[in-house]
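Remarks on the structure that follows.
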Amino acid sequence: MITVNTVHELRAAVAQARGQGKHIGFVPTMGNLHNGHATLVTRAAQRADFVVASIFVNPLQFGANEDLDKYPRTLAADQQRLQEAGCNLLFAPTVEEMYPDGMSVQTRVSVPNLSEGLCGASRPGHFEGVATVVSKLFNMVQPDLAVFGEKDYQQLAVIRAMVRDLNMPIQIIGEPTVRAEDGLALSSRNGYLTPEQRATAPVVYRTLKHIGNAIAHGQVDFPALIEEGKAQLVAAGLRPDYLEVRHAVNLRPAAFGDRDLVILVAAYLGNTRLIDNLYLHLDEKTA
Ligand code: PAF
């Protein structure tokens, strides 16, 4: 695996691979990689001949009081992990390389509707920052396919919509969430948790499963289930940001008869914001 820091070097390396007839797979990341990221790279390597990953902590998607400055930068360990997972080329640009004229004059890409509510409500501008940087990265790498984790469910929906609406010729692949043995979704932000908080954190997934089981068994009073779920989180010492049942594709609030559902949660454990989700397909009988 080689590491490059400029768009010029990136384009040259990708052009060379393309010249050899290779299909390009892409995995954008913010670094501090864990096994979940490794799975994305492995999936890209199964589907493409040449895998590009990027590591860029994108200031445009962080709010003023968020963790941009303390977000862990672990380049050497990340390089090792990427190489082991089958990555061929790492693009690790500086902020100046990505935003040469500064961020305030940056053209933005925004995806209405899907970006509103859920994480979009508590992180204003977040998805505009994500859509902007991902479209820049797509233009720089020009991959045939790109792989994203389903843990960031709303992000994946926003990116799919952006690619469709802007006719980007890129196949978007969602990869299932990788979990620790106790069910906690792997996330770079889990590293912020104290040992006590880490022991508590699996309640997030337990809550999702509890609600999912109830719905799968015919419970249709979603508001009551949500209240129960929030109470479970609060009792464990978390501060729920949202817990909602939505339509799995367009993310509108779930309606009676919907068969493809997703339960989405964001909750604070101390200062750490954990997100997770559970997809649910109901058969005709249950719906
Ligand atoms: O999911 C992430 O790590 C980031 O939001 C992404 C897609 C790399 C854009 O900065």
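Chain labels run A, B, ... following the order of the structure tokens; each chain numbers its residues from 1, and ligands are numbered from 1 in the order shown.
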Could I get the residues of chain A with an atom no further than 7 Å from an atom of ligand 1, each paired with its nearest atom pair and that distance in Å to one decimal, using only C-alpha atoms and all ligand atoms, sorted by chain and residue number, as a tab-separated table?
```
residue	atom	partner	partner_atom_place_in_ligand_line	distance
A:Pro28	CA	ligand 1	8 (C)	4.4
A:Thr29	CA	ligand 1	8 (C)	3.7
A:Met30	CA	ligand 1	3 (O)	4.6
A:Phe56	CA	ligand 1	10 (O)	6.6
A:Val57	CA	ligand 1	10 (O)	6.4
A:Asn58	CA	ligand 1	10 (O)	5.3
A:Val130	CA	ligand 1	9 (C)	4.9
A:Val133	CA	ligand 1	10 (O)	6.1
A:Val134	CA	ligand 1	9 (C)	5.7
A:Asp152	CA	ligand 1	1 (O)	6.7
```
Kindly export the residues of the current selection with all heavy atoms, as a JSON list (two decimals), in the first residue's frame.
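Resulting contents of result.json:
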```
[["chain", "number", "residue", "atom", "x", "y", "z"],
["A", 28, "PRO", "N", -14.11, 5.87, 2.12],
["A", 28, "PRO", "CA", -13.74, 7.11, 2.82],
["A", 28, "PRO", "C", -13.84, 6.93, 4.33],
["A", 28, "PRO", "O", -14.81, 6.33, 4.81],
["A", 28, "PRO", "CB", -14.77, 8.13, 2.33],
["A", 28, "PRO", "CG", -15.88, 7.35, 1.74],
["A", 28, "PRO", "CD", -15.45, 5.93, 1.54],
["A", 29, "THR", "N", -12.87, 7.43, 5.07],
["A", 29, "THR", "CA", -12.91, 7.31, 6.54],
["A", 29, "THR", "C", -12.35, 8.60, 7.17],
["A", 29, "THR", "O", -11.78, 9.44, 6.48],
["A", 29, "THR", "CB", -12.05, 6.14, 7.08],
["A", 29, "THR", "OG1", -10.68, 6.55, 7.14],
["A", 29, "THR", "CG2", -12.17, 4.89, 6.23],
["A", 30, "MET", "N", -12.50, 8.67, 8.48],
["A", 30, "MET", "CA", -11.86, 9.77, 9.22],
["A", 30, "MET", "C", -10.72, 9.21, 10.08],
["A", 30, "MET", "O", -10.26, 9.87, 11.00],
["A", 30, "MET", "CB", -12.88, 10.50, 10.08],
["A", 30, "MET", "CG", -13.98, 11.15, 9.24],
["A", 30, "MET", "SD", -14.75, 12.56, 10.03],
["A", 30, "MET", "CE", -15.42, 11.83, 11.48],
["A", 56, "PHE", "N", -9.45, 11.46, 6.41],
["A", 56, "PHE", "CA", -9.53, 12.92, 6.49],
["A", 56, "PHE", "C", -10.57, 13.28, 7.54],
["A", 56, "PHE", "O", -11.74, 12.94, 7.40],
["A", 56, "PHE", "CB", -9.92, 13.52, 5.13],
["A", 56, "PHE", "CG", -10.03, 15.01, 5.16],
["A", 56, "PHE", "CD1", -8.91, 15.80, 5.46],
["A", 56, "PHE", "CD2", -11.24, 15.65, 4.91],
["A", 56, "PHE", "CE1", -9.01, 17.20, 5.51],
["A", 56, "PHE", "CE2", -11.35, 17.03, 4.96],
["A", 56, "PHE", "CZ", -10.23, 17.81, 5.26],
["A", 57, "VAL", "N", -10.11, 13.93, 8.60],
["A", 57, "VAL", "CA", -11.04, 14.40, 9.63],
["A", 57, "VAL", "C", -11.59, 15.73, 9.12],
["A", 57, "VAL", "O", -10.88, 16.74, 9.13],
["A", 57, "VAL", "CB", -10.34, 14.54, 11.00],
["A", 57, "VAL", "CG1", -11.35, 14.94, 12.07],
["A", 57, "VAL", "CG2", -9.65, 13.23, 11.40],
["A", 58, "ASN", "N", -12.82, 15.69, 8.65],
["A", 58, "ASN", "CA", -13.40, 16.77, 7.86],
["A", 58, "ASN", "C", -14.00, 17.87, 8.74],
["A", 58, "ASN", "O", -15.09, 17.68, 9.29],
["A", 58, "ASN", "CB", -14.49, 16.15, 6.96],
["A", 58, "ASN", "CG", -15.28, 17.19, 6.22],
["A", 58, "ASN", "OD1", -14.74, 18.23, 5.85],
["A", 58, "ASN", "ND2", -16.56, 16.91, 5.99],
["A", 130, "VAL", "N", -20.83, 16.42, 5.32],
["A", 130, "VAL", "CA", -20.54, 15.06, 4.85],
["A", 130, "VAL", "C", -20.73, 14.98, 3.33],
["A", 130, "VAL", "O", -19.86, 14.50, 2.60],
["A", 130, "VAL", "CB", -21.45, 14.01, 5.56],
["A", 130, "VAL", "CG1", -21.32, 12.65, 4.90],
["A", 130, "VAL", "CG2", -21.11, 13.92, 7.04],
["A", 133, "VAL", "N", -17.91, 16.85, 1.45],
["A", 133, "VAL", "CA", -16.59, 16.21, 1.41],
["A", 133, "VAL", "C", -16.65, 14.90, 0.62],
["A", 133, "VAL", "O", -15.71, 14.58, -0.11],
["A", 133, "VAL", "CB", -16.00, 16.00, 2.83],
["A", 133, "VAL", "CG1", -16.58, 14.77, 3.52],
["A", 133, "VAL", "CG2", -14.48, 15.89, 2.76],
["A", 134, "VAL", "N", -17.75, 14.16, 0.75],
["A", 134, "VAL", "CA", -17.83, 12.89, 0.02],
["A", 134, "VAL", "C", -17.91, 13.17, -1.49],
["A", 134, "VAL", "O", -17.26, 12.47, -2.28],
["A", 134, "VAL", "CB", -19.01, 12.03, 0.52],
["A", 134, "VAL", "CG1", -19.23, 10.82, -0.39],
["A", 134, "VAL", "CG2", -18.75, 11.55, 1.95],
["A", 152, "ASP", "N", -23.87, 4.24, 10.34],
["A", 152, "ASP", "CA", -24.26, 5.63, 10.08],
["A", 152, "ASP", "C", -25.40, 5.60, 9.06],
["A", 152, "ASP", "O", -25.23, 5.95, 7.89],
["A", 152, "ASP", "CB", -23.06, 6.42, 9.57],
["A", 152, "ASP", "CG", -21.98, 6.50, 10.62],
["A", 152, "ASP", "OD1", -22.23, 7.03, 11.71],
["A", 152, "ASP", "OD2", -20.87, 6.00, 10.36]]
```
Which residues in range 44-263 of chain A does DSSP call strand (DSSP E or B)? List them as a PDB file with N, CA and C atoms, in the first residue's frame.
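The resulting part16.pdb:
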```pdb
ATOM      1  N   PHE A  50      -8.793  -2.578  -7.288  1.00  0.00           N
ATOM      2  CA  PHE A  50      -7.844  -1.623  -6.712  1.00  0.00           C
ATOM      3  C   PHE A  50      -8.617  -0.806  -5.683  1.00  0.00           C
ATOM      4  N   VAL A  51      -8.161  -0.864  -4.430  1.00  0.00           N
ATOM      5  CA  VAL A  51      -8.925  -0.226  -3.351  1.00  0.00           C
ATOM      6  C   VAL A  51      -8.202   1.027  -2.847  1.00  0.00           C
ATOM      7  N   VAL A  52      -8.940   2.115  -2.880  1.00  0.00           N
ATOM      8  CA  VAL A  52      -8.449   3.381  -2.339  1.00  0.00           C
ATOM      9  C   VAL A  52      -9.201   3.650  -1.036  1.00  0.00           C
ATOM     10  N   ALA A  53      -8.475   4.026   0.019  1.00  0.00           N
ATOM     11  CA  ALA A  53      -9.133   4.501   1.251  1.00  0.00           C
ATOM     12  C   ALA A  53      -8.680   5.937   1.474  1.00  0.00           C
ATOM     13  N   SER A  54      -9.517   6.715   2.139  1.00  0.00           N
ATOM     14  CA  SER A  54      -9.058   8.060   2.513  1.00  0.00           C
ATOM     15  C   SER A  54      -9.177   8.204   4.021  1.00  0.00           C
ATOM     16  N   ILE A  55      -8.275   8.987   4.571  1.00  0.00           N
ATOM     17  CA  ILE A  55      -8.364   9.378   5.982  1.00  0.00           C
ATOM     18  C   ILE A  55      -8.347  10.897   5.996  1.00  0.00           C
ATOM     19  N   LEU A  89      -4.148   1.865  -1.877  1.00  0.00           N
ATOM     20  CA  LEU A  89      -3.708   3.265  -1.897  1.00  0.00           C
ATOM     21  C   LEU A  89      -4.442   4.036  -0.811  1.00  0.00           C
ATOM     22  N   LEU A  90      -3.670   4.727   0.019  1.00  0.00           N
ATOM     23  CA  LEU A  90      -4.285   5.575   1.051  1.00  0.00           C
ATOM     24  C   LEU A  90      -4.099   7.040   0.663  1.00  0.00           C
ATOM     25  N   PHE A  91      -5.202   7.772   0.669  1.00  0.00           N
ATOM     26  CA  PHE A  91      -5.168   9.218   0.432  1.00  0.00           C
ATOM     27  C   PHE A  91      -5.388   9.893   1.781  1.00  0.00           C
ATOM     28  N   LEU A 145     -17.058   2.052  -7.321  1.00  0.00           N
ATOM     29  CA  LEU A 145     -17.940   1.737  -6.193  1.00  0.00           C
ATOM     30  C   LEU A 145     -17.346   2.306  -4.902  1.00  0.00           C
ATOM     31  N   ALA A 146     -18.220   2.541  -3.929  1.00  0.00           N
ATOM     32  CA  ALA A 146     -17.759   3.029  -2.629  1.00  0.00           C
ATOM     33  C   ALA A 146     -18.530   2.300  -1.533  1.00  0.00           C
ATOM     34  N   VAL A 147     -17.835   1.992  -0.439  1.00  0.00           N
ATOM     35  CA  VAL A 147     -18.445   1.208   0.634  1.00  0.00           C
ATOM     36  C   VAL A 147     -18.561   2.064   1.901  1.00  0.00           C
ATOM     37  N   PHE A 148     -19.752   2.037   2.495  1.00  0.00           N
ATOM     38  CA  PHE A 148     -20.018   2.794   3.728  1.00  0.00           C
ATOM     39  C   PHE A 148     -20.653   1.856   4.757  1.00  0.00           C
ATOM     40  N   GLY A 149     -20.446   2.165   6.025  1.00  0.00           N
ATOM     41  CA  GLY A 149     -21.027   1.354   7.094  1.00  0.00           C
ATOM     42  C   GLY A 149     -22.494   1.697   7.307  1.00  0.00           C
ATOM     43  N   GLN A 171     -21.386   3.036  -7.674  1.00  0.00           N
ATOM     44  CA  GLN A 171     -22.261   2.101  -6.944  1.00  0.00           C
ATOM     45  C   GLN A 171     -21.981   2.256  -5.446  1.00  0.00           C
ATOM     46  N   ILE A 172     -23.037   2.470  -4.680  1.00  0.00           N
ATOM     47  CA  ILE A 172     -22.861   2.632  -3.228  1.00  0.00           C
ATOM     48  C   ILE A 172     -23.236   1.317  -2.541  1.00  0.00           C
ATOM     49  N   ILE A 173     -22.312   0.816  -1.735  1.00  0.00           N
ATOM     50  CA  ILE A 173     -22.538  -0.455  -1.043  1.00  0.00           C
ATOM     51  C   ILE A 173     -22.594  -0.182   0.466  1.00  0.00           C
ATOM     52  N   GLY A 174     -23.666  -0.652   1.101  1.00  0.00           N
ATOM     53  CA  GLY A 174     -23.787  -0.531   2.562  1.00  0.00           C
ATOM     54  C   GLY A 174     -23.320  -1.823   3.211  1.00  0.00           C
ATOM     55  N   GLU A 175     -22.499  -1.686   4.224  1.00  0.00           N
ATOM     56  CA  GLU A 175     -21.947  -2.877   4.883  1.00  0.00           C
ATOM     57  C   GLU A 175     -22.510  -2.948   6.316  1.00  0.00           C
ATOM     58  N   ARG A 179     -20.137  -5.454  15.413  1.00  0.00           N
ATOM     59  CA  ARG A 179     -20.405  -5.257  16.840  1.00  0.00           C
ATOM     60  C   ARG A 179     -19.381  -5.978  17.706  1.00  0.00           C
ATOM     61  N   ALA A 185     -22.046  -1.431  18.961  1.00  0.00           N
ATOM     62  CA  ALA A 185     -21.578  -1.163  17.598  1.00  0.00           C
ATOM     63  C   ALA A 185     -20.176  -0.565  17.658  1.00  0.00           C
ATOM     64  N   ARG A 239     -28.436   9.692  28.221  1.00  0.00           N
ATOM     65  CA  ARG A 239     -29.319  10.813  27.906  1.00  0.00           C
ATOM     66  C   ARG A 239     -29.722  10.668  26.428  1.00  0.00           C
ATOM     67  N   PRO A 240     -30.945  10.144  26.182  1.00  0.00           N
ATOM     68  CA  PRO A 240     -31.331   9.936  24.781  1.00  0.00           C
ATOM     69  C   PRO A 240     -31.425  11.261  24.026  1.00  0.00           C
ATOM     70  N   ASP A 241     -30.884  11.271  22.820  1.00  0.00           N
ATOM     71  CA  ASP A 241     -31.043  12.422  21.928  1.00  0.00           C
ATOM     72  C   ASP A 241     -32.289  12.168  21.077  1.00  0.00           C
ATOM     73  N   TYR A 242     -32.331  10.993  20.444  1.00  0.00           N
ATOM     74  CA  TYR A 242     -33.564  10.562  19.785  1.00  0.00           C
ATOM     75  C   TYR A 242     -33.632   9.044  19.795  1.00  0.00           C
ATOM     76  N   LEU A 243     -34.833   8.543  19.723  1.00  0.00           N
ATOM     77  CA  LEU A 243     -35.088   7.114  19.545  1.00  0.00           C
ATOM     78  C   LEU A 243     -36.358   7.075  18.712  1.00  0.00           C
ATOM     79  N   GLU A 244     -36.266   6.574  17.487  1.00  0.00           N
ATOM     80  CA  GLU A 244     -37.409   6.684  16.581  1.00  0.00           C
ATOM     81  C   GLU A 244     -37.545   5.454  15.702  1.00  0.00           C
ATOM     82  N   VAL A 245     -38.773   5.198  15.288  1.00  0.00           N
ATOM     83  CA  VAL A 245     -39.025   4.157  14.286  1.00  0.00           C
ATOM     84  C   VAL A 245     -39.348   4.875  12.976  1.00  0.00           C
ATOM     85  N   ARG A 246     -38.588   4.564  11.937  1.00  0.00           N
ATOM     86  CA  ARG A 246     -38.762   5.250  10.655  1.00  0.00           C
ATOM     87  C   ARG A 246     -38.892   4.230   9.518  1.00  0.00           C
ATOM     88  N   HIS A 247     -39.380   4.719   8.391  1.00  0.00           N
ATOM     89  CA  HIS A 247     -39.371   3.897   7.181  1.00  0.00           C
ATOM     90  C   HIS A 247     -37.906   3.713   6.766  1.00  0.00           C
ATOM     91  N   PRO A 253     -41.313   9.170   9.283  1.00  0.00           N
ATOM     92  CA  PRO A 253     -41.824   8.423  10.434  1.00  0.00           C
ATOM     93  C   PRO A 253     -42.626   7.207   9.985  1.00  0.00           C
ATOM     94  N   ASP A 260     -40.785  -2.221   5.790  1.00  0.00           N
ATOM     95  CA  ASP A 260     -39.337  -2.026   5.963  1.00  0.00           C
ATOM     96  C   ASP A 260     -39.124  -0.884   6.931  1.00  0.00           C
ATOM     97  N   LEU A 261     -38.681  -1.250   8.117  1.00  0.00           N
ATOM     98  CA  LEU A 261     -38.542  -0.258   9.180  1.00  0.00           C
ATOM     99  C   LEU A 261     -37.102  -0.205   9.665  1.00  0.00           C
ATOM    100  N   VAL A 262     -36.750   0.937  10.231  1.00  0.00           N
ATOM    101  CA  VAL A 262     -35.468   1.008  10.923  1.00  0.00           C
ATOM    102  C   VAL A 262     -35.705   1.757  12.237  1.00  0.00           C
ATOM    103  N   ILE A 263     -35.143   1.213  13.305  1.00  0.00           N
ATOM    104  CA  ILE A 263     -35.217   1.894  14.601  1.00  0.00           C
ATOM    105  C   ILE A 263     -33.867   2.569  14.777  1.00  0.00           C
TER     106      ILE A 263
END
```
Inset, instruction - Would you kindly return, as a PyMOL selection string, each protein, DNA or RNA residue with an atom no farther than 9 Å from any atom of range 218-234 of chain A, considering only C-alpha atoms and excluding same-chain residues fewer than 4 positions away? - result: chain A and resi 203-204+207-208+210-211+213-214+238-240+242-245+254+256+267+285-287
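Nearest residue to Gly120 in chain A, choosing from A:Ser104, A:Gln154, A:Asn88, A:Gln142 and counting only C-alpha atoms: A:Gln154.
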Inset, instruction - Record the distance separating CA of Ala266 in chain A and CA of Val109 in chain A, expressed in Å with one decimal. - result: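 Separation of CA of Ala266 in chain A and CA of Val109 in chain A: 24.4 Å.
By only C-alpha atoms, and with residues fewer than 3 positions from Asp78 in chain A along its chain excluded, the set lying at most 7 Å from it is A:Gly31, A:Asn32, A:Leu33, A:Thr74, A:Leu75, A:Arg81, A:Leu82.
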Inset, instruction - Run DSSP on the backbone of this structure and report the residues of range 120-195 of chain A it assigns to helix (DSSP H, G or I), as an MDAnalysis selection string. - result: chainID A and resid 120:122 126:141 153:165 188:192 195
Those same residues, written as an mmCIF file, in the first residue's frame with N, CA and C atoms?
```
data_model
loop_
_atom_site.group_PDB
_atom_site.id
_atom_site.type_symbol
_atom_site.label_atom_id
_atom_site.label_comp_id
_atom_site.auth_asym_id
_atom_site.auth_seq_id
_atom_site.Cartn_x
_atom_site.Cartn_y
_atom_site.Cartn_z
ATOM 1 N N GLY A 120 -29.495 15.053 11.977
ATOM 2 C CA GLY A 120 -29.497 16.382 11.363
ATOM 3 C C GLY A 120 -30.077 17.436 12.287
ATOM 4 N N ALA A 121 -30.984 17.027 13.178
ATOM 5 C CA ALA A 121 -31.616 17.997 14.080
ATOM 6 C C ALA A 121 -30.640 18.446 15.163
ATOM 7 N N SER A 122 -29.868 17.518 15.691
ATOM 8 C CA SER A 122 -28.969 17.903 16.787
ATOM 9 C C SER A 122 -27.577 18.282 16.283
ATOM 10 N N HIS A 126 -24.246 19.184 9.703
ATOM 11 C CA HIS A 126 -23.401 17.982 9.662
ATOM 12 C C HIS A 126 -23.481 17.271 8.305
ATOM 13 N N PHE A 127 -24.707 17.021 7.843
ATOM 14 C CA PHE A 127 -24.823 16.236 6.606
ATOM 15 C C PHE A 127 -24.419 17.039 5.374
ATOM 16 N N GLU A 128 -24.537 18.366 5.461
ATOM 17 C CA GLU A 128 -24.029 19.182 4.363
ATOM 18 C C GLU A 128 -22.503 19.033 4.297
ATOM 19 N N GLY A 129 -21.870 19.003 5.463
ATOM 20 C CA GLY A 129 -20.417 18.795 5.515
ATOM 21 C C GLY A 129 -20.028 17.429 4.982
ATOM 22 N N VAL A 130 -20.826 16.421 5.325
ATOM 23 C CA VAL A 130 -20.541 15.058 4.851
ATOM 24 C C VAL A 130 -20.735 14.983 3.332
ATOM 25 N N ALA A 131 -21.893 15.476 2.850
ATOM 26 C CA ALA A 131 -22.188 15.376 1.412
ATOM 27 C C ALA A 131 -21.141 16.153 0.610
ATOM 28 N N THR A 132 -20.718 17.284 1.134
ATOM 29 C CA THR A 132 -19.723 18.092 0.415
ATOM 30 C C THR A 132 -18.387 17.357 0.331
ATOM 31 N N VAL A 133 -17.910 16.852 1.454
ATOM 32 C CA VAL A 133 -16.591 16.208 1.413
ATOM 33 C C VAL A 133 -16.647 14.902 0.624
ATOM 34 N N VAL A 134 -17.745 14.164 0.749
ATOM 35 C CA VAL A 134 -17.827 12.887 0.016
ATOM 36 C C VAL A 134 -17.906 13.167 -1.486
ATOM 37 N N SER A 135 -18.629 14.220 -1.893
ATOM 38 C CA SER A 135 -18.673 14.483 -3.341
ATOM 39 C C SER A 135 -17.309 14.964 -3.830
ATOM 40 N N LYS A 136 -16.595 15.726 -3.015
ATOM 41 C CA LYS A 136 -15.216 16.122 -3.412
ATOM 42 C C LYS A 136 -14.334 14.878 -3.551
ATOM 43 N N LEU A 137 -14.416 14.012 -2.554
ATOM 44 C CA LEU A 137 -13.585 12.796 -2.590
ATOM 45 C C LEU A 137 -13.957 11.927 -3.797
ATOM 46 N N PHE A 138 -15.258 11.834 -4.074
ATOM 47 C CA PHE A 138 -15.687 11.050 -5.243
ATOM 48 C C PHE A 138 -15.089 11.649 -6.527
ATOM 49 N N ASN A 139 -15.097 12.981 -6.615
ATOM 50 C CA ASN A 139 -14.529 13.618 -7.816
ATOM 51 C C ASN A 139 -13.020 13.427 -7.892
ATOM 52 N N MET A 140 -12.380 13.346 -6.756
ATOM 53 C CA MET A 140 -10.920 13.167 -6.750
ATOM 54 C C MET A 140 -10.541 11.730 -7.118
ATOM 55 N N VAL A 141 -11.244 10.777 -6.521
ATOM 56 C CA VAL A 141 -10.896 9.356 -6.710
ATOM 57 C C VAL A 141 -11.566 8.791 -7.976
ATOM 58 N N TYR A 153 -26.557 5.158 9.524
ATOM 59 C CA TYR A 153 -27.665 4.823 8.617
ATOM 60 C C TYR A 153 -28.146 6.049 7.842
ATOM 61 N N GLN A 154 -28.313 7.165 8.575
ATOM 62 C CA GLN A 154 -28.813 8.376 7.913
ATOM 63 C C GLN A 154 -27.771 8.897 6.919
ATOM 64 N N GLN A 155 -26.499 8.821 7.301
ATOM 65 C CA GLN A 155 -25.425 9.242 6.396
ATOM 66 C C GLN A 155 -25.486 8.438 5.091
ATOM 67 N N LEU A 156 -25.652 7.129 5.223
ATOM 68 C CA LEU A 156 -25.709 6.275 4.035
ATOM 69 C C LEU A 156 -26.904 6.659 3.161
ATOM 70 N N ALA A 157 -28.047 6.944 3.792
ATOM 71 C CA ALA A 157 -29.235 7.354 3.020
ATOM 72 C C ALA A 157 -28.971 8.675 2.294
ATOM 73 N N VAL A 158 -28.303 9.610 2.971
ATOM 74 C CA VAL A 158 -27.988 10.908 2.368
ATOM 75 C C VAL A 158 -27.058 10.706 1.167
ATOM 76 N N ILE A 159 -26.057 9.854 1.323
ATOM 77 C CA ILE A 159 -25.088 9.636 0.241
ATOM 78 C C ILE A 159 -25.746 8.934 -0.949
ATOM 79 N N ARG A 160 -26.591 7.959 -0.663
ATOM 80 C CA ARG A 160 -27.302 7.291 -1.768
ATOM 81 C C ARG A 160 -28.145 8.310 -2.549
ATOM 82 N N ALA A 161 -28.831 9.196 -1.819
ATOM 83 C CA ALA A 161 -29.675 10.197 -2.484
ATOM 84 C C ALA A 161 -28.817 11.166 -3.298
ATOM 85 N N MET A 162 -27.695 11.585 -2.732
ATOM 86 C CA MET A 162 -26.800 12.517 -3.443
ATOM 87 C C MET A 162 -26.315 11.903 -4.754
ATOM 88 N N VAL A 163 -25.888 10.646 -4.682
ATOM 89 C CA VAL A 163 -25.355 9.960 -5.864
ATOM 90 C C VAL A 163 -26.439 9.809 -6.935
ATOM 91 N N ARG A 164 -27.642 9.501 -6.459
ATOM 92 C CA ARG A 164 -28.756 9.343 -7.405
ATOM 93 C C ARG A 164 -29.132 10.701 -8.012
ATOM 94 N N ASP A 165 -29.299 11.703 -7.151
ATOM 95 C CA ASP A 165 -29.780 13.010 -7.625
ATOM 96 C C ASP A 165 -28.764 13.694 -8.533
ATOM 97 N N SER A 188 -15.319 4.697 16.331
ATOM 98 C CA SER A 188 -14.090 5.363 16.798
ATOM 99 C C SER A 188 -14.354 6.091 18.106
ATOM 100 N N ARG A 189 -15.587 6.553 18.300
ATOM 101 C CA ARG A 189 -15.904 7.326 19.509
ATOM 102 C C ARG A 189 -16.021 6.445 20.757
ATOM 103 N N ASN A 190 -16.086 5.106 20.595
ATOM 104 C CA ASN A 190 -16.125 4.241 21.791
ATOM 105 C C ASN A 190 -14.867 4.436 22.629
ATOM 106 N N GLY A 191 -13.797 4.860 21.983
ATOM 107 C CA GLY A 191 -12.533 5.090 22.695
ATOM 108 C C GLY A 191 -12.634 6.194 23.740
ATOM 109 N N TYR A 192 -13.656 7.037 23.653
ATOM 110 C CA TYR A 192 -13.836 8.104 24.650
ATOM 111 C C TYR A 192 -14.426 7.564 25.961
ATOM 112 N N PRO A 195 -14.027 2.835 31.427
ATOM 113 C CA PRO A 195 -14.375 1.409 31.549
ATOM 114 C C PRO A 195 -15.804 1.205 32.056
#
```
Inset, instruction - Have a look at A:Met98, A:Ala15, A:Cys87, A:Val105 and name the one nearest to Thr3 in chain A; count only C-alpha atoms. - result: A:Cys87
Inset, instruction - For Glu196 in chain A, work out the shell of residues within 12 Å, counting only C-alpha atoms and skipping chain neighbours fewer than 4 positions away, then give it as an NGL selection string. - result: :A and (192 or 200-202 or 236-237 or 269-270)
Got time to write the residues from that selection, N, CA, C and O atoms, as a short mmCIF file (atom, residue, chain, number, x, y, z; two decimals), in the first residue's frame?
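What follows is the written file again20.cif:
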```cif
data_model
loop_
_atom_site.label_atom_id
_atom_site.label_comp_id
_atom_site.auth_asym_id
_atom_site.auth_seq_id
_atom_site.Cartn_x
_atom_site.Cartn_y
_atom_site.Cartn_z
N TYR A 192 -13.66 7.04 23.65
CA TYR A 192 -13.84 8.10 24.65
C TYR A 192 -14.43 7.56 25.96
O TYR A 192 -14.43 8.25 26.98
N THR A 200 -21.58 -0.12 30.37
CA THR A 200 -22.99 0.27 30.27
C THR A 200 -23.48 0.35 28.82
O THR A 200 -24.66 0.09 28.53
N ALA A 201 -22.57 0.71 27.91
CA ALA A 201 -22.95 1.08 26.54
C ALA A 201 -23.79 0.05 25.77
O ALA A 201 -24.64 0.44 24.96
N PRO A 202 -23.60 -1.27 25.99
CA PRO A 202 -24.41 -2.23 25.22
C PRO A 202 -25.92 -2.10 25.43
O PRO A 202 -26.69 -2.68 24.67
N ALA A 236 -30.32 3.44 32.69
CA ALA A 236 -28.91 2.97 32.64
C ALA A 236 -27.93 4.14 32.72
O ALA A 236 -26.71 3.93 32.70
N GLY A 237 -28.45 5.37 32.77
CA GLY A 237 -27.58 6.53 32.93
C GLY A 237 -27.27 7.25 31.63
O GLY A 237 -26.38 8.09 31.58
N LEU A 269 -23.64 9.16 26.53
CA LEU A 269 -23.16 8.47 27.73
C LEU A 269 -22.01 9.35 28.21
O LEU A 269 -20.95 9.40 27.57
N GLY A 270 -22.24 10.11 29.29
CA GLY A 270 -21.30 11.18 29.61
C GLY A 270 -21.31 12.17 28.45
O GLY A 270 -22.37 12.58 27.98
#
```
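Taking CA of Gln61 in chain A and CA of Gly125 in chain A as the two end points, the separation is 6.7 Å.
Across the structure, CA of Arg11 in chain A and CA of Ala44 in chain A are spaced 18.8 Å apart.
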